[in-house]
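*Asks:* Enclosed is the structure file work_14.txt (compact mmCIF, C-alpha atoms).
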# COMPACT_ATOMS: atom_id res chain seq x y z
CA LEU A 1 -3.52 4.31 5.80
CA GLY A 2 -0.31 3.06 7.43
CA GLU A 3 -0.03 -0.32 9.12
CA ASN A 4 0.80 1.35 12.47
CA ASN A 5 3.78 -0.94 13.14
CA GLN A 6 1.46 -3.96 12.99
CA ARG A 7 2.86 -5.53 9.82
CA SER A 8 0.40 -8.38 9.35
CA THR A 9 -2.63 -6.05 9.37
CA ALA A 10 -1.62 -4.79 5.90
CA GLN A 11 -2.73 -8.19 4.55
CA ASP A 12 -5.92 -8.49 6.63
CA LEU A 13 -8.94 -7.41 4.58
CA ASP A 14 -11.09 -6.99 7.68
CA LYS A 15 -8.84 -4.15 8.90
CA LEU A 16 -8.05 -0.72 7.46
CA GLN A 17 -4.36 -0.57 8.47
CA GLY A 18 -1.99 -0.81 5.50
CA LYS A 19 -4.67 0.03 2.93
CA VAL A 20 -5.68 2.60 0.37
CA VAL A 21 -9.33 3.33 1.06
CA ARG A 22 -11.73 4.91 -1.41
CA LEU A 23 -14.82 6.90 -0.44
CA THR A 24 -17.14 9.36 -2.12
CA GLU A 25 -17.05 13.06 -1.26
CA GLU A 26 -19.97 12.33 1.08
CA GLY A 27 -17.98 9.63 2.90
CA LYS A 28 -19.85 6.69 1.42
CA VAL A 29 -18.39 3.59 -0.21
CA PRO A 30 -18.49 3.83 -4.03
CA ASP A 31 -20.59 1.22 -5.82
CA ASP A 32 -17.55 -0.03 -7.79
CA ASN A 33 -15.14 -0.61 -4.88
CA PRO A 34 -13.62 -4.08 -5.28
CA TRP A 35 -14.94 -5.64 -2.07
CA LEU A 36 -18.35 -4.06 -1.77
CA ASN A 37 -20.82 -6.52 -0.21
CA LYS A 38 -18.15 -9.18 0.45
CA SER A 39 -18.44 -10.88 3.83
CA GLY A 40 -15.57 -10.28 6.26
CA VAL A 41 -13.96 -7.56 4.10
CA ARG A 42 -14.00 -3.81 4.73
CA PRO A 43 -15.82 -2.29 1.72
CA GLU A 44 -13.78 0.94 1.91
CA ILE A 45 -10.60 -0.89 0.81
CA TRP A 46 -9.33 -0.07 -2.67
CA SER A 47 -5.92 -1.79 -2.43
CA TYR A 48 -3.81 -3.32 0.32
CA GLY A 49 -0.33 -4.44 1.36
CA ILE A 50 0.77 -0.84 1.97
CA ARG A 51 3.34 -0.11 4.69
CA ASN A 52 3.40 3.61 5.35
CA PRO A 53 2.04 5.94 2.66
CA GLN A 54 3.48 9.44 2.81
CA GLY A 55 1.96 11.10 -0.23
CA MET A 56 -0.59 10.59 -2.98
CA ALA A 57 -1.40 12.57 -6.10
CA MET A 58 -3.38 12.14 -9.28
CA ASN A 59 -1.21 11.98 -12.39
CA PRO A 60 -2.59 14.82 -14.56
CA TRP A 61 -1.86 12.97 -17.82
CA SER A 62 -3.16 9.49 -17.01
CA GLU A 63 -5.59 10.41 -14.19
CA THR A 64 -4.18 7.53 -12.14
CA LEU A 65 -3.39 7.72 -8.45
CA TRP A 66 0.32 7.61 -7.55
CA LEU A 67 1.45 6.82 -4.01
CA ASN A 68 4.83 6.95 -2.31
CA GLU A 69 5.46 4.99 0.84
CA HIS A 70 8.23 4.56 3.36
CA GLY A 71 9.79 1.14 3.38
CA PRO A 72 11.37 -0.13 6.56
CA ARG A 73 15.16 0.34 6.45
CA GLY A 74 15.47 0.71 2.69
CA GLY A 75 12.71 -0.08 0.25
CA ASP A 76 10.85 3.21 -0.14
CA GLU A 77 8.44 2.73 -3.05
CA ILE A 78 6.27 4.39 -5.65
CA ASN A 79 3.11 2.48 -6.47
CA ILE A 80 0.09 3.08 -8.67
CA PRO A 81 -2.64 1.48 -6.54
CA GLN A 82 -5.31 -0.34 -8.51
CA ALA A 83 -8.62 -1.81 -7.39
CA GLY A 84 -8.24 -5.03 -5.43
CA LYS A 85 -4.46 -5.33 -5.88
CA ASN A 86 -2.02 -6.38 -3.15
CA TYR A 87 1.18 -4.31 -2.96
CA GLY A 88 2.96 -6.88 -0.86
CA TRP A 89 3.82 -5.48 2.55
CA PRO A 90 5.09 -7.30 4.63
CA LEU A 91 5.36 -10.37 2.38
CA ALA A 92 7.38 -8.54 -0.29
CA THR A 93 9.86 -5.80 0.59
CA HIS A 94 13.17 -4.37 -0.54
CA GLY A 95 14.00 -3.30 3.02
CA ILE A 96 14.96 -4.77 6.38
CA ASN A 97 14.10 -4.00 9.99
CA TYR A 98 15.78 -0.97 11.56
CA SER A 99 17.69 -3.45 13.73
CA GLY A 100 19.37 -4.81 10.59
CA LEU A 101 17.47 -8.11 10.76
CA PRO A 102 15.15 -9.31 7.97
CA ILE A 103 11.40 -8.63 8.09
CA PRO A 104 10.11 -11.92 9.60
CA GLU A 105 7.09 -12.26 7.26
CA ALA A 106 8.99 -11.34 4.10
CA LYS A 107 9.29 -13.92 1.33
CA GLY A 108 11.79 -11.71 -0.51
CA GLU A 109 11.56 -8.71 -2.81
CA SER A 110 8.51 -10.25 -4.46
CA ALA A 111 5.81 -12.69 -3.41
CA PRO A 112 3.12 -14.57 -5.34
CA GLY A 113 -0.09 -12.57 -5.77
CA THR A 114 1.54 -9.20 -5.12
CA GLU A 115 2.28 -6.25 -7.37
CA PRO A 116 5.85 -5.01 -7.75
CA PRO A 117 6.48 -1.33 -7.05
CA LEU A 118 6.77 1.03 -9.99
CA TYR A 119 10.02 2.29 -8.46
CA VAL A 120 11.98 1.40 -5.33
CA TRP A 121 14.86 3.02 -3.49
CA LYS A 122 17.24 0.57 -1.80
CA LYS A 123 18.48 3.41 0.42
CA SER A 124 15.48 5.27 1.79
CA PRO A 125 15.31 8.97 0.97
CA ALA A 126 12.25 9.21 3.31
CA LEU A 127 10.01 10.89 0.76
CA SER A 128 6.93 12.77 1.85
CA GLY A 129 4.38 14.49 -0.29
CA MET A 130 3.69 13.59 -3.91
CA ALA A 131 3.33 16.28 -6.50
Take the structure in the file and give it back as structure tokens.
*Replies:*
Amino acid sequence: LGENNQRSTAQDLDKLQGKVVRLTEEGKVPDDNPWLNKSGVRPEIWSYGIRNPQGMAMNPWSETLWLNEHGPRGGDEINIPQAGKNYGWPLATHGINYSGLPIPEAKGESAPGTEPPLYVWKKSPALSGMA
């Protein structure tokens, strides 16, 4: 789920914006989701710190989920979201605001406690879909 131009919500575990959520085919929360039964945290959350996902696909060889997301101006990424991991947005980014100014919350291209992207494009190709 995208952060809906509300950057800080991607780090808030009581909100679904900026998250990868994981549900069963019946729409229930799986028993092994990382924040199941944790107070103040949405149990549907699988991983967080996501800006604007545009495509996801299961890797047929590793059976891992791959995700591509739009960065701001620059910084499109490929991530392999894992349970409970923080993928950094907006604390860590390779992009800037469309105005040309830095992202106010950004600590740089990396931040403590966040996962680096598997791949990043400094100039955004604006990927969508993931096959």
*Asks:* Name the residues in contact with A:Met56 at a cut-off of 9 Å, using all atoms listed in the file, excluding same-chain residues fewer than 3 positions from it; report them as a list in words.
*Replies:*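 Close residues of A:Met56: Pro53, Leu65, Trp66, Leu67, Asn68, Gly129, Met130 and Ala131 of chain A.
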*Asks:* Go through stretch 35-130 of chain A and flag each residue having an atom no more than 7 Å from stretch 6-21 of chain A; for those, report the closest pair of atoms plus their distance in Å to one decimal, using only C-alpha atoms, ordered by chain and rising number, as JSON lines.
*Replies:*
{"residue": "A:Gly40", "atom": "CA", "partner": "A:Asp14", "partner_atom": "CA", "distance": 5.7}
{"residue": "A:Val41", "atom": "CA", "partner": "A:Asp14", "partner_atom": "CA", "distance": 4.6}
{"residue": "A:Arg42", "atom": "CA", "partner": "A:Asp14", "partner_atom": "CA", "distance": 5.2}
{"residue": "A:Glu44", "atom": "CA", "partner": "A:Val21", "partner_atom": "CA", "distance": 5.1}
{"residue": "A:Ile45", "atom": "CA", "partner": "A:Val21", "partner_atom": "CA", "distance": 4.4}
{"residue": "A:Trp46", "atom": "CA", "partner": "A:Val21", "partner_atom": "CA", "distance": 5.0}
{"residue": "A:Ser47", "atom": "CA", "partner": "A:Val20", "partner_atom": "CA", "distance": 5.2}
{"residue": "A:Tyr48", "atom": "CA", "partner": "A:Lys19", "partner_atom": "CA", "distance": 4.3}
{"residue": "A:Gly49", "atom": "CA", "partner": "A:Ala10", "partner_atom": "CA", "distance": 4.7}
{"residue": "A:Ile50", "atom": "CA", "partner": "A:Gly18", "partner_atom": "CA", "distance": 4.5}
{"residue": "A:Arg51", "atom": "CA", "partner": "A:Gly18", "partner_atom": "CA", "distance": 5.4}
{"residue": "A:Asn52", "atom": "CA", "partner": "A:Gly18", "partner_atom": "CA", "distance": 7.0}
{"residue": "A:Trp89", "atom": "CA", "partner": "A:Ala10", "partner_atom": "CA", "distance": 6.4}
{"residue": "A:Pro90", "atom": "CA", "partner": "A:Arg7", "partner_atom": "CA", "distance": 5.9}
*Asks:* Between A:Leu91, A:Ala126, A:Ile78, A:Leu1, which residue has the minimum interatomic distance to A:Glu109, considering only C-alpha atoms?
*Replies:* A:Leu91
*Asks:* Just how far from atom CA of A:Ser128 is atom CA of A:Gly108, in Å to one decimal?
*Replies:*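 One can read the atom CA of A:Gly108 to atom CA of A:Ser128 distance as 25.1 Å.
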*Asks:* Given the choices A:Ala92, A:Ala57, A:Leu23, A:Leu118, which gets closest to A:Pro104 if the distance is worked out from all atoms listed in the file?
*Replies:*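 Distance minimum relative to A:Pro104 lands on A:Ala92.
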*Asks:* Restricting the calculation to only C-alpha atoms: of A:Glu63, A:Glu69, A:Glu25, A:Asp31, which residue gets closest to A:Gly2?
*Replies:*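 Of all the options, A:Glu69 lies closest to A:Gly2.
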